[in-house]
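Peer 1: Starting off with a structure, shown below.
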There are 2 protein chains.
Amino acid sequence: MPKVVDHEQRRRELAEAALRVVVRDGAAGASVRTVAAEAGWSTGALRYYFSTQRELREFVATVVNERVERRIRERVEADRGRLPLLELVAGLLEELIPLDERRREEFLLWLAVTEWSRQEPLAGAEELWDGQRGLHVQVVFALAGFEGEPVNVDPRVQTWAEYLHVFVDGLATQAMFVPARMPPERIRAVLREFLAEVPRLAAG
Amino acid sequence: MPKVVDHEQRRRELAEAALRVVVRDGAAGASVRTVAAEAGWSTGALRYYFSTQRELREFVATVVNERVERRIRERVEADRGRLPLLELVAGLLEELIPLDERRREEFLLWLAVTEWSRQEPLAGAEELWDGQRGLHVQVVFALAGFEGEPVNVDPRVQTWAEYLHVFVDGLATQAMFVPARMPPERIRAVLREFLAEVPRLAAG
DNA sequence: AATAAATTAGCACAGTCGTGATAGAAAGAG
DNA sequence: CTCTTTCTATCACGACTGTGCTAATTTATT
């Protein structure tokens with residue numbers, strides 16, 4: 001029998017090459033040839049795993065989502081009540097904001113995915129948002145002084161989770177597009193100031 | 001002497017064709033040929049007014065900025081104290097949020113400009129932000145019950161202007177990218193709820 | 001070693017891209 | 001009318017795009 005490779009792993013490897021190309025050359029620069037070259041393969045090999053460009057792009061979208069979710073999860077699991085609550089929470093939410101080169105790249109990738117899906121809708125665009133909304137509910141739930149799992153949450157908690165979600169998205173947008181006006185330190189400070197208001201407002 | 005055309009006006013006409021193409025085909029679709037065709041001219045004619053693609057893109061950026069600013073200004077001048085303050089303010093800020101097709105197109109255009117300027121920096125990216133920040137200061141200044149021009153504004157006003165600016169950017173982002181989760185009615189409601197909180201918080 | 005299936009490389013095709021260059025058309029001044 | 005300058009159309013060039021296709025290569029099994 002023939003040589004056999006782990007398809008899923010190879011796809012992942014090729015997708016990561018695509019990520020690098022997008023970060024380097026922008027959404028429009030991720031052609032079949034550039035991605036293949038970045039991965040060190042021929043275009044034929046690439047097209048054996050992604051028979052069409054659309055398939056590749058959809059896979060890139062899922063990989064990006066996975067990355068963000070994994071980082072959040074790791075951060076939650078790493079802390080065992082050692083950090084002050086507000087600091088822990090701020091750290092979590094900062095994972096969603098392009099404050100350094102790594103997170104900036106992720107944001108760029110997400111932008112590229114949305115740009116692609118404007119031409120032809122790609123799978124898995126709203127899943128990321130749902131996960132983030134859940135995170136914000138948990139955060140406000142905890143900040144408001146509640147314990148345990150956030151089930152049947154107070155409407156005020158729900159409302160301020162929504163506000164906080166919107167606020168963090170706004171911070172991310174400004175951190176990305178006007179870094180001169182909103183440098184990382186300023187973003188961090190504004191986030192913490194706002195978070196400090198939340199317990200009083202959300203708990204009543 | 002020869003036939004003479006109003007250069008500035010012709011440039012504007014061509015730029016608007018470019019806007020339509022970007023809205024229809026995305027940032028990557030705005031090529032010299034497609035824009036020329038959309039405008040009903042030959043590529044040679046287009047390149048007579050924009051000798052390089054970069055020039056065209058920079059001009060598109062300025063046209064987009066002008067549009068948003070003009071609409072805001074018109075709205076301010078149209079109202080002469082007839083609307084309740086909160087309603088006037090909400091209407092102003094909604095001009096920055098992609099709630100209908102028109103504003104959605106403007107947001108798309110702005111996204112295209114930022115995508116372009118990732119490859120090679122374009123002039124006039126941060127001017128838009130400065131104008132918006134000024135608007136938010138005015139808004140919070142008025143909401144907090146102050147009169148006249150916002151000079152030497154209270155630090156609390158400054159802070160909540162910043163918060164509101166971030167919040168509105170977040171609303172715009174979500175209205176654009178997860179319209180199913182955050183439909184226009186919801187965006188409007190959330191904006192007004194948040195605005196209702198501002199006077200109390202910003203005035204002390 | 002022979003075989004057969006999985007994998008890879010590479011070319012071909014019909015497009016599109018941005019830009020340089022040049023020839024022709026248009027139109028007001030003399 | 002002719003001239004002169006502005007404007008417009010068009011072709012050429014090399015490079016790039018996604019995809020179809022085929023031939024070569026690899027490799028585990030018989």
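Identifiers in the structure tokens: chain A, B, ... in order shown; residue index from 1 per chain; ligand index from 1 in order shown.
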For A:Leu19, list every protein, DNA or RNA residue within 10 Å, evaluated using only C-alpha atoms (C1' of nucleotides), and leave out those in the same chain fewer than 2 positions away; present the list as a PyMOL selection string.
Peer 2: chain A and resi 13-17+21-27+30+35+38+57+60-61+63-64+105-106+108-109+112
Peer 1: With a cut-off of 10 Å and counting only C-alpha atoms (C1' of nucleotides), select all residues of chain B in contact with chain C and give the selection as number ranges by chain.
Peer 2: B: 1-4, 31-33, 47, 51-53
Peer 1: Write a file of the selected residues as a compact mmCIF listing (two decimals), in the first residue's frame, keeping C-alpha atoms.
Peer 2:
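Full text of part_17.txt as output:
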# COMPACT_ATOMS: atom_id res chain seq x y z
CA MET B 1 -7.46 75.81 -26.97
CA PRO B 2 -8.70 72.35 -26.24
CA LYS B 3 -11.65 70.83 -24.54
CA VAL B 4 -11.34 71.42 -20.85
CA SER B 31 -9.25 47.23 -10.28
CA VAL B 32 -8.45 49.89 -12.82
CA ARG B 33 -10.54 48.14 -15.43
CA ARG B 47 -5.52 56.85 -15.66
CA SER B 51 -2.05 58.06 -12.93
CA THR B 52 -1.62 55.31 -10.36
CA GLN B 53 -3.96 53.05 -8.46
Peer 1: Quick one: which residues from chain D are at most 6 Å off chain A, using only C-alpha atoms (C1' of nucleotides), as a list in words?
Peer 2: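 That gives the following set of residues: DT27, DA28 and DT29 of chain D.
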Peer 1: Suppose we keep all heavy atoms; can you now write the selection as a tab-separated table (two decimals), in the first residue's frame?
Peer 2:
chain	number	residue	atom	x	y	z
D	27	DT	P	8.89	8.19	0.91
D	27	DT	OP1	8.73	9.11	2.03
D	27	DT	OP2	10.22	7.74	0.49
D	27	DT	O5'	7.97	6.90	1.17
D	27	DT	C5'	6.59	7.09	1.43
D	27	DT	C4'	5.87	5.75	1.44
D	27	DT	O4'	5.59	5.30	0.09
D	27	DT	C3'	6.65	4.61	2.10
D	27	DT	O3'	5.76	3.88	2.91
D	27	DT	C2'	7.10	3.78	0.90
D	27	DT	C1'	5.87	3.93	0.01
D	27	DT	N1	6.07	3.56	-1.41
D	27	DT	C2	5.03	3.00	-2.10
D	27	DT	O2	3.94	2.81	-1.62
D	27	DT	N3	5.31	2.69	-3.42
D	27	DT	C4	6.52	2.88	-4.08
D	27	DT	O4	6.65	2.55	-5.26
D	27	DT	C5	7.56	3.46	-3.28
D	27	DT	C7	8.92	3.70	-3.89
D	27	DT	C6	7.31	3.76	-2.00
D	28	DA	P	6.19	3.45	4.40
D	28	DA	OP1	6.06	4.56	5.34
D	28	DA	OP2	7.49	2.76	4.24
D	28	DA	O5'	5.08	2.35	4.78
D	28	DA	C5'	3.72	2.74	4.80
D	28	DA	C4'	2.85	1.65	4.19
D	28	DA	O4'	3.19	1.48	2.79
D	28	DA	C3'	3.03	0.28	4.85
D	28	DA	O3'	1.76	-0.33	4.99
D	28	DA	C2'	3.90	-0.49	3.86
D	28	DA	C1'	3.48	0.12	2.52
D	28	DA	N9	4.53	0.11	1.50
D	28	DA	C8	5.83	0.50	1.66
D	28	DA	N7	6.55	0.40	0.56
D	28	DA	C5	5.66	-0.09	-0.38
D	28	DA	C6	5.80	-0.42	-1.74
D	28	DA	N6	6.95	-0.28	-2.41
D	28	DA	N1	4.72	-0.88	-2.39
D	28	DA	C2	3.57	-1.00	-1.72
D	28	DA	N3	3.32	-0.72	-0.43
D	28	DA	C4	4.41	-0.27	0.18
D	29	DT	P	1.62	-1.57	6.01
D	29	DT	OP1	0.37	-1.38	6.78
D	29	DT	OP2	2.91	-1.78	6.71
D	29	DT	O5'	1.41	-2.76	4.98
D	29	DT	C5'	0.19	-2.83	4.23
D	29	DT	C4'	0.42	-3.58	2.93
D	29	DT	O4'	1.63	-3.16	2.30
D	29	DT	C3'	0.57	-5.10	3.09
D	29	DT	O3'	-0.63	-5.72	2.64
D	29	DT	C2'	1.75	-5.47	2.18
D	29	DT	C1'	2.01	-4.19	1.42
D	29	DT	N1	3.42	-3.98	1.02
D	29	DT	C2	3.79	-4.24	-0.29
D	29	DT	O2	3.00	-4.63	-1.13
D	29	DT	N3	5.13	-4.00	-0.56
D	29	DT	C4	6.10	-3.55	0.32
D	29	DT	O4	7.24	-3.39	-0.03
D	29	DT	C5	5.64	-3.31	1.67
D	29	DT	C7	6.60	-2.82	2.71
D	29	DT	C6	4.33	-3.53	1.95
Peer 1: Of the candidates B:Val168, B:Glu58, B:Leu86, B:Phe50, which shows the shortest atom-to-atom distance to B:Thr114, using only C-alpha atoms?
Peer 2: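 Closest candidate: B:Glu58.
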Peer 1: Can you check which residues of chain A have any atom within 8 Å of chain B? Use only C-alpha atoms and format it as a list of chain:residue names.
Peer 2: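 Taking only C-alpha atoms into account, A:Asp25, A:Gly26, A:Ala28, A:Thr114, A:Glu115, A:Arg118, A:Gln119, A:Glu126, A:Trp129, A:Tyr163, A:Val166, A:Phe167, A:Val168, A:Asp169, A:Gly170, A:Leu171, A:Thr173, A:Gln174, A:Phe177, A:Val178, A:Val190, A:Phe194 sit within 8 Å of chain B.
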Peer 1: Can I get the selection written as a compact mmCIF listing (two decimals), in the first residue's frame, with C-alpha atoms?
Peer 2:
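So out.txt came out as:
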# COMPACT_ATOMS: atom_id res chain seq x y z
CA ASP A 25 0.47 40.20 2.40
CA GLY A 26 -3.13 40.86 3.40
CA ALA A 28 -5.89 39.52 -1.18
CA THR A 114 -14.77 38.60 7.04
CA GLU A 115 -13.45 40.22 3.89
CA ARG A 118 -18.23 39.18 1.87
CA GLN A 119 -17.63 37.75 -1.58
CA GLU A 126 -20.87 33.80 14.12
CA TRP A 129 -19.27 35.88 18.63
CA TYR A 163 -22.60 46.49 27.27
CA VAL A 166 -19.86 45.94 22.92
CA PHE A 167 -17.28 47.96 24.84
CA VAL A 168 -14.55 45.36 24.40
CA ASP A 169 -15.29 45.11 20.68
CA GLY A 170 -14.96 48.87 20.48
CA LEU A 171 -11.65 48.78 22.31
CA THR A 173 -11.45 48.18 16.91
CA GLN A 174 -9.68 51.29 18.16
CA PHE A 177 -7.10 51.03 13.65
CA VAL A 178 -5.94 54.03 15.65
CA VAL A 190 -9.71 52.28 29.95
CA PHE A 194 -14.78 50.52 32.86
Peer 1: Using DSSP secondary structure from the backbone, list all helix (DSSP H, G or I) positions within chain B, as a VMD selection string.
Peer 2: chain B and resid 7 to 25 27 to 29 32 to 39 43 to 49 53 to 78 85 to 94 101 to 119 126 to 143 155 to 177 184 to 203
Peer 1: Write out as a PyMOL selection string which residues come within 8 Å of D:DA9 when counting only C-alpha atoms (C1' of nucleotides), dropping same-chain ones fewer than 2 positions away.
Peer 2: (chain B and resi 42+44-45) or (chain C and resi 24)
Peer 1: For atom CA of A:Ala202 and atom CA of B:Phe141, quote the distance in Å rounded to one decimal.
Peer 2: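 Straight-line distance from atom CA of A:Ala202 to atom CA of B:Phe141 works out to 24.6 Å.
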Peer 1: For B:Leu128, which residue among B:Ala37, B:Leu96, B:Leu56, B:Ala161 is the nearest when counting only C-alpha atoms?
Peer 2: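 Closest to B:Leu128, using only C-alpha atoms: B:Leu96.
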